[in-house]
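Here is the file protein-v4.txt (compact mmCIF, C-alpha atoms).
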```
# COMPACT_ATOMS: atom_id res chain seq x y z
CA MET A 1 82.45 113.04 78.75
CA THR A 2 78.98 112.25 79.87
CA LYS A 3 77.97 108.62 79.86
CA ARG A 4 74.44 107.57 78.95
CA THR A 5 72.56 104.64 77.53
CA THR A 6 71.69 105.81 74.03
CA LEU A 7 70.01 104.38 70.99
CA THR A 8 72.11 102.42 68.52
CA LEU A 9 70.67 102.88 65.04
CA ALA A 10 72.53 101.93 61.88
CA VAL A 11 71.46 105.00 59.95
CA ALA A 12 72.99 108.25 58.84
CA VAL A 13 73.01 111.27 61.09
CA LEU A 14 69.85 113.33 60.85
CA PRO A 15 70.05 116.42 58.63
CA LEU A 16 70.48 119.65 60.53
CA LEU A 17 67.12 121.01 59.41
CA ALA A 18 68.84 124.01 57.89
CA MET A 19 66.00 124.44 55.43
CA ALA A 20 63.37 124.46 58.16
CA THR A 21 64.21 127.96 59.36
CA VAL A 22 61.20 129.87 60.58
CA GLY A 23 60.26 132.84 62.73
CA CYS A 24 62.60 135.76 63.08
CA SER A 25 65.50 133.88 61.49
CA SER A 26 63.82 133.77 58.09
CA ASP A 27 63.01 137.49 58.19
CA LYS A 28 66.50 138.81 58.94
CA SER A 29 69.51 139.50 56.81
CA GLU A 30 72.70 137.68 57.73
CA GLY A 31 74.47 139.40 60.60
CA GLU A 32 71.46 141.44 61.69
CA THR A 33 71.17 141.54 65.46
CA THR A 34 68.06 141.52 67.63
CA SER A 35 67.31 143.21 70.93
CA LEU A 36 67.55 140.83 73.87
CA PRO A 37 63.90 141.23 74.97
CA GLN A 38 62.66 140.60 71.42
CA LEU A 39 64.89 137.57 70.89
CA ALA A 40 63.86 136.17 74.28
CA ARG A 41 60.25 136.27 73.08
CA GLU A 42 61.01 134.68 69.71
CA VAL A 43 63.82 132.19 70.29
CA CYS A 44 63.07 128.45 70.30
CA ASP A 45 59.70 128.98 68.65
CA SER A 46 58.56 131.38 71.41
CA SER A 47 58.68 128.60 74.01
CA LEU A 48 60.45 130.44 76.83
CA SER A 49 58.32 131.25 79.87
CA PRO A 50 58.27 134.84 81.20
CA ALA A 51 60.75 133.86 83.93
CA ALA A 52 63.01 132.12 81.41
CA ARG A 53 62.94 135.21 79.18
CA LYS A 54 64.31 137.30 82.05
CA ASP A 55 67.01 134.70 82.66
CA PHE A 56 67.82 134.68 78.94
CA GLU A 57 68.39 138.43 79.08
CA LYS A 58 70.57 138.03 82.16
CA LEU A 59 72.70 135.30 80.55
CA PHE A 60 73.26 137.30 77.36
CA ALA A 61 73.37 140.78 78.92
CA GLY A 62 75.61 143.20 77.03
CA ARG A 63 75.99 140.89 74.01
CA LYS A 64 74.94 141.39 70.39
CA VAL A 65 72.84 138.39 69.48
CA GLU A 66 70.78 136.87 66.70
CA GLU A 67 68.86 133.62 66.34
CA ALA A 68 70.85 130.87 64.62
CA SER A 69 69.95 130.13 61.01
CA TYR A 70 69.24 126.47 61.78
CA SER A 71 66.58 127.26 64.42
CA SER A 72 63.49 125.32 63.40
CA ASN A 73 59.80 125.14 64.15
CA LEU A 74 59.61 122.86 67.19
CA THR A 75 56.69 120.95 65.66
CA LYS A 76 58.99 119.90 62.81
CA VAL A 77 61.67 118.91 65.30
CA ALA A 78 59.07 116.83 67.17
CA ASP A 79 58.18 115.06 63.92
CA GLU A 80 61.85 114.14 63.48
CA LEU A 81 62.05 112.87 67.05
CA LYS A 82 58.97 110.68 66.56
CA GLN A 83 60.87 108.90 63.79
CA ALA A 84 63.97 108.37 65.97
CA LYS A 85 66.13 107.84 62.90
CA GLY A 86 69.50 108.91 64.21
CA ASP A 87 71.48 111.23 66.39
CA ASP A 88 70.25 114.21 68.38
CA VAL A 89 68.28 116.85 66.46
CA GLU A 90 69.30 120.52 66.54
CA ALA A 91 66.28 122.58 67.52
CA CYS A 92 67.29 126.17 68.18
CA GLY A 93 70.19 128.39 69.03
CA VAL A 94 71.66 131.86 69.45
CA VAL A 95 74.66 133.36 67.68
CA LEU A 96 76.88 135.98 69.32
CA SER A 97 77.62 138.67 66.74
CA ASP A 98 80.30 140.57 68.67
CA THR A 99 82.79 137.81 69.38
CA THR A 100 84.11 134.42 68.35
CA ASP A 101 82.80 132.96 71.63
CA ARG A 102 80.21 130.25 71.23
CA GLY A 103 76.56 131.12 71.46
CA MET A 104 73.87 128.72 72.60
CA ILE A 105 72.43 125.60 71.00
CA ILE A 106 69.65 123.27 72.17
CA ARG A 107 69.41 119.71 70.87
CA PHE A 108 66.92 116.90 71.50
CA GLY A 109 67.28 113.14 71.41
CA TRP A 110 66.36 109.88 73.13
CA ALA A 111 67.99 107.90 75.91
CA TYR A 112 67.16 104.52 77.45
CA GLY A 113 68.45 105.59 80.85
CA LEU A 114 69.39 108.55 83.01
CA MET A 115 72.71 110.31 82.55
CA SER A 116 75.88 109.66 84.49
CA PRO A 117 78.38 112.53 84.28
CA SER A 118 81.97 111.38 84.51
CA ASP A 119 83.00 114.46 86.52
CA THR A 120 80.68 115.75 89.21
CA SER A 121 83.11 118.16 90.86
CA GLU A 122 81.52 121.22 89.20
CA THR A 123 78.14 119.71 88.37
CA ALA A 124 74.92 120.95 89.96
CA PHE A 125 71.82 118.73 89.93
CA PHE A 126 68.28 120.10 89.95
CA SER A 127 64.82 118.71 90.75
CA VAL A 128 63.62 119.15 87.18
CA GLY A 129 61.82 116.45 85.20
CA ASP A 130 63.36 113.06 85.89
CA GLN A 131 66.89 114.43 85.86
CA ALA A 132 68.61 117.74 85.19
CA TYR A 133 72.11 119.02 85.74
CA SER A 134 74.63 121.55 84.48
CA ASP A 135 78.37 122.05 84.74
CA GLY A 136 78.11 125.65 83.55
CA ARG A 137 79.07 124.76 79.99
CA ILE A 138 76.53 122.05 79.12
CA ALA A 139 73.14 121.42 80.71
CA TYR A 140 70.99 118.28 80.40
CA ALA A 141 67.35 117.66 81.26
CA LEU A 142 65.43 114.41 80.80
CA VAL A 143 61.82 113.38 81.19
CA LYS A 144 60.36 109.90 80.90
CA CYS A 145 58.24 109.60 77.78
CA SER A 146 55.69 106.82 77.28
CA ALA A 147 54.76 108.00 73.78
CA SER A 148 54.82 105.25 71.18
CA VAL A 149 57.84 105.83 68.92
CA PRO A 150 58.23 103.13 66.23
CA ASN A 151 62.04 102.96 66.24
CA LEU A 152 62.37 102.81 70.02
CA ASP A 153 62.36 99.48 71.84
CA PRO A 154 58.86 99.19 73.38
CA GLU A 155 60.28 96.97 76.13
CA GLU A 156 62.75 99.65 77.25
CA LYS A 157 61.90 102.73 79.32
CA HIS A 158 62.87 105.75 77.25
CA TYR A 159 63.49 109.38 78.06
CA LEU A 160 63.24 112.55 76.01
CA LEU A 161 66.62 114.25 76.35
CA ALA A 162 67.33 117.97 75.96
CA ARG A 163 70.85 119.36 75.91
CA LEU A 164 71.97 122.99 76.01
CA ASN A 165 75.51 124.07 75.14
CA GLY A 166 76.88 127.49 76.08
CA PRO A 167 77.10 130.38 76.11
CA ASP A 168 80.43 131.51 77.47
CA SER A 169 79.83 133.90 80.35
CA GLU A 170 81.68 135.62 83.17
CA LEU A 171 78.78 135.06 85.58
CA PRO A 172 79.54 132.92 88.65
CA LEU A 173 79.32 129.17 87.99
CA ALA A 174 76.31 128.56 90.23
CA GLU A 175 74.36 131.34 88.53
CA ARG A 176 75.21 130.10 85.04
CA GLN A 177 74.03 126.63 85.97
CA LYS A 178 70.64 127.88 87.17
CA LEU A 179 70.17 130.11 84.14
CA GLN A 180 70.92 127.24 81.76
CA ILE A 181 68.36 124.96 83.41
CA SER A 182 65.83 127.82 83.47
CA LEU A 183 66.18 128.23 79.69
CA LEU A 184 66.25 124.54 78.86
CA TYR A 185 63.23 123.47 80.91
CA PRO A 186 60.40 125.30 79.10
CA VAL A 187 61.72 124.15 75.72
CA LEU A 188 61.82 120.56 76.99
CA ARG A 189 58.31 120.94 78.42
CA LYS A 190 56.93 122.16 75.11
CA MET A 191 58.74 119.44 73.16
CA ALA A 192 57.44 116.71 75.47
CA GLY A 193 53.91 117.84 74.68
CA LEU A 194 54.55 118.01 70.94
CA VAL A 195 56.08 114.52 70.88
CA GLY A 196 53.09 113.16 72.80
CA CYS A 197 54.71 112.23 76.09
CA LYS A 198 51.88 111.59 78.56
CA GLU A 199 54.22 112.75 81.31
CA ALA A 200 54.23 116.27 79.82
CA ALA A 201 50.99 116.97 81.71
CA ASP A 202 52.85 116.45 84.99
CA LEU A 203 55.56 119.01 84.23
CA THR A 204 55.03 122.21 86.20
CA ALA A 205 55.01 125.56 84.42
CA SER A 206 58.13 126.67 86.29
CA PRO A 207 61.07 124.48 87.32
CA SER A 208 62.60 124.24 90.76
CA LEU A 209 66.04 125.80 90.58
CA SER A 210 67.22 124.58 93.97
CA THR A 211 70.12 122.21 93.67
CA THR A 212 70.10 118.63 94.90
CA ARG A 213 72.67 115.94 95.49
CA GLY A 214 73.71 114.03 92.40
CA PRO A 215 73.55 110.25 91.99
CA GLU A 216 75.97 108.28 94.13
```
Take the structure in the file and give it back as structure tokens.
Amino acid sequence: MTKRTTLTLAVAVLPLLAMATVGCSSDKSEGETTSLPQLAREVCDSSLSPAARKDFEKLFAGRKVEEASYSSNLTKVADELKQAKGDDVEACGVVLSDTTDRGMIIRFGWAYGLMSPSDTSETAFFSVGDQAYSDGRIAYALVKCSASVPNLDPEEKHYLLARLNGPDSELPLAERQKLQISLLYPVLRKMAGLVGCKEAADLTASPSLSTTRGPE
């Protein structure tokens, strides 16, 4: 399990925004698949960069895919984050239509500190935002956010947190890790701007995918 300093709010878990479906999800019948290039352009509210779209196609190559029904307009997700009412908010995802293997899901939330993975043996760290790492199954990326959020402690430094789960893949571990960070970064960058993080202006258009040493 990954350890982090998170918000403690005595409220119910946020709704999954299932009714906020937009884009290609709302136009498709259940079970209808999409070509990889098309889905790469549309997924996560069309936030993937050209390089990330290519990496998306590489990660899902040979799979039948569709955008998850809960995928939401990122502006609406940002509005939920600004309220900081509960647990992480589901933003977008991909469903694999040809197998029971998991697809991909991206969530956003808040943290009062950087992450500390309990097992670093298969974890690769990247020079992305304030912190980013992947173990090939789950990837995290954080950026400091000085936006004023009413339910966050103004005396505490807070970070916008993005988490990507999946997909299962037979690609080598190191390649999966880079692809996950490549996909997660542009979505985090767009969300940071929508939330109003001043630091969003300092985020480069493309992330560095060279690995670094993790925290001691």
What gap, in Å, lies between atom CA of Gly166 of chain A and atom CA of Lys54 of chain A?
->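 Taking atom CA of Gly166 of chain A and atom CA of Lys54 of chain A, their separation equals 17.0 Å.
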Option closest in space to Leu184 of chain A, from A:Ser69, A:Leu203, A:Phe60, A:Ala162 [counting only C-alpha atoms] |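 The answer is A:Ala162, which sits nearest to Leu184 of chain A.
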Write out, as a Markdown table, each residue of segment 55-156 of chain A that has an atom at most 7 Å from segment 207-210 of chain A, together with the closest pair of atoms and their distance in Å to one decimal, counting all atoms listed in the file, rows going by chain and rising number.
```
| residue | atom | partner | partner_atom | distance |
| --- | --- | --- | --- | --- |
| A:Phe126 | CA | A:Ser210 | CA | 6.1 |
| A:Ser127 | CA | A:Ser208 | CA | 6.0 |
| A:Val128 | CA | A:Pro207 | CA | 5.9 |
```
Padding of 4 Å on every side, edges along x, y and z, all listed atoms of segment 155-165 of chain A included: what centre and edge lengths in Å, to one decimal, does that box have, as JSON?
```
{"center_x": 67.9, "center_y": 110.5, "center_z": 77.2, "size_x": 23.2, "size_y": 35.1, "size_z": 12.2}
```
As a check of understanding: the span from atom CA of Cys145 of chain A to atom CA of Ala192 of chain A is 7.5 Å
In the coordinate frame of the file, compute which residues have an atom within 10 Å of (79.4, 139.0, 68.2) when using all atoms listed in the file, and state them as a PDB file with C-alpha atoms, in the frame of the given file.
```pdb
ATOM      1  CA  GLY A  31      74.470 139.400  60.600  1.00  0.00           C
ATOM      2  CA  THR A  33      71.170 141.540  65.460  1.00  0.00           C
ATOM      3  CA  ARG A  63      75.990 140.890  74.010  1.00  0.00           C
ATOM      4  CA  LYS A  64      74.940 141.390  70.390  1.00  0.00           C
ATOM      5  CA  VAL A  65      72.840 138.390  69.480  1.00  0.00           C
ATOM      6  CA  GLU A  66      70.780 136.870  66.700  1.00  0.00           C
ATOM      7  CA  VAL A  95      74.660 133.360  67.680  1.00  0.00           C
ATOM      8  CA  LEU A  96      76.880 135.980  69.320  1.00  0.00           C
ATOM      9  CA  SER A  97      77.620 138.670  66.740  1.00  0.00           C
ATOM     10  CA  ASP A  98      80.300 140.570  68.670  1.00  0.00           C
ATOM     11  CA  THR A  99      82.790 137.810  69.380  1.00  0.00           C
ATOM     12  CA  THR A 100      84.110 134.420  68.350  1.00  0.00           C
ATOM     13  CA  ASP A 101      82.800 132.960  71.630  1.00  0.00           C
ATOM     14  CA  ARG A 102      80.210 130.250  71.230  1.00  0.00           C
ATOM     15  CA  GLY A 103      76.560 131.120  71.460  1.00  0.00           C
TER      16      GLY A 103
END
```
Please, which residues are within 8 Å of (80.2, 119.9, 87.6) by the file's coordinates, counting all atoms listed in the file, and could they come as a ChimeraX atom specification?
-> /A:119-124,134-136
Between A:Lys82, A:His158, A:Arg176, A:Lys144, smallest distance to Ala111 of chain A by all atoms listed in the file belongs to A:His158
Return the single residue from A:Ala200, A:Met191, A:Ile181, A:Ile106 that is closest to Asp88 of chain A, with distances computed using all atoms listed in the file.
->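 Ranking A:Ala200, A:Met191, A:Ile181, A:Ile106 by distance to Asp88 of chain A, first place goes to A:Ile106.
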Among the residues A:Ala61, A:Cys197, A:Ala147, A:Ala84, the one that comes closest to Ser35 of chain A [using all atoms listed in the file] |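 Looking at the shortest contact to Ser35 of chain A, the residue is A:Ala61.
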When distances are computed from all atoms listed in the file, which of A:Leu59, A:Leu81, A:Leu74, A:Leu161 shows the smallest separation from Gln180 of chain A?
-> A:Leu59
To one decimal in Å, tell me the separation between atom CA of Asp168 of chain A and atom CA of Met104 of chain A.
->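 Spanning atom CA of Asp168 of chain A to atom CA of Met104 of chain A is a straight-line distance of 8.6 Å.
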Determine the nearest neighbour of Asp79 of chain A from the options A:Gly196, A:Ser47, A:Glu155, A:Ala205, counting all atoms listed in the file.
-> A:Gly196
Neighbours of Lys58 of chain A within 12 Å (all atoms listed in the file; same-chain residues fewer than 3 positions away dropped), as a ChimeraX atom specification?
-> /A:36-37,40,51-55,61-63,167,169-171,175-176,178-180,182-183
Missing atoms in segment 147-159 of chain A: can you complete it with N, CA, C and O atoms, as a CSV table (one decimal), in the frame of the given file?
```csv
chain,number,residue,atom,x,y,z
A,147,ALA,N,55.3,107.9,75.1
A,147,ALA,CA,54.8,108.0,73.8
A,147,ALA,C,55.3,106.8,73.0
A,147,ALA,O,56.4,106.3,73.1
A,148,SER,N,54.4,106.4,72.1
A,148,SER,CA,54.8,105.2,71.2
A,148,SER,C,55.7,105.8,70.0
A,148,SER,O,55.2,106.6,69.2
A,149,VAL,N,56.9,105.4,70.0
A,149,VAL,CA,57.8,105.8,68.9
A,149,VAL,C,58.3,104.6,68.2
A,149,VAL,O,59.0,103.7,68.8
A,150,PRO,N,58.0,104.4,66.9
A,150,PRO,CA,58.2,103.1,66.2
A,150,PRO,C,59.6,102.6,66.3
A,150,PRO,O,59.8,101.4,66.5
A,151,ASN,N,60.7,103.4,66.2
A,151,ASN,CA,62.0,103.0,66.2
A,151,ASN,C,62.7,102.8,67.6
A,151,ASN,O,63.9,102.6,67.7
A,152,LEU,N,61.9,103.0,68.7
A,152,LEU,CA,62.4,102.8,70.0
A,152,LEU,C,61.9,101.5,70.5
A,152,LEU,O,60.8,101.1,70.2
A,153,ASP,N,62.7,100.8,71.3
A,153,ASP,CA,62.4,99.5,71.8
A,153,ASP,C,61.2,99.6,72.8
A,153,ASP,O,61.3,100.3,73.8
A,154,PRO,N,60.0,99.0,72.5
A,154,PRO,CA,58.9,99.2,73.4
A,154,PRO,C,59.0,98.5,74.7
A,154,PRO,O,58.3,98.8,75.7
A,155,GLU,N,60.0,97.6,74.9
A,155,GLU,CA,60.3,97.0,76.1
A,155,GLU,C,61.2,97.8,77.0
A,155,GLU,O,61.4,97.5,78.2
A,156,GLU,N,61.8,98.8,76.5
A,156,GLU,CA,62.8,99.6,77.2
A,156,GLU,C,62.1,101.0,77.7
A,156,GLU,O,61.4,101.6,76.9
A,157,LYS,N,62.3,101.4,78.9
A,157,LYS,CA,61.9,102.7,79.3
A,157,LYS,C,62.7,103.8,78.6
A,157,LYS,O,64.0,103.6,78.5
A,158,HIS,N,62.1,104.8,78.0
A,158,HIS,CA,62.9,105.8,77.2
A,158,HIS,C,62.6,107.2,77.7
A,158,HIS,O,61.5,107.4,78.3
A,159,TYR,N,63.6,108.0,77.6
A,159,TYR,CA,63.5,109.4,78.1
A,159,TYR,C,63.7,110.4,76.9
A,159,TYR,O,64.6,110.1,76.0
```
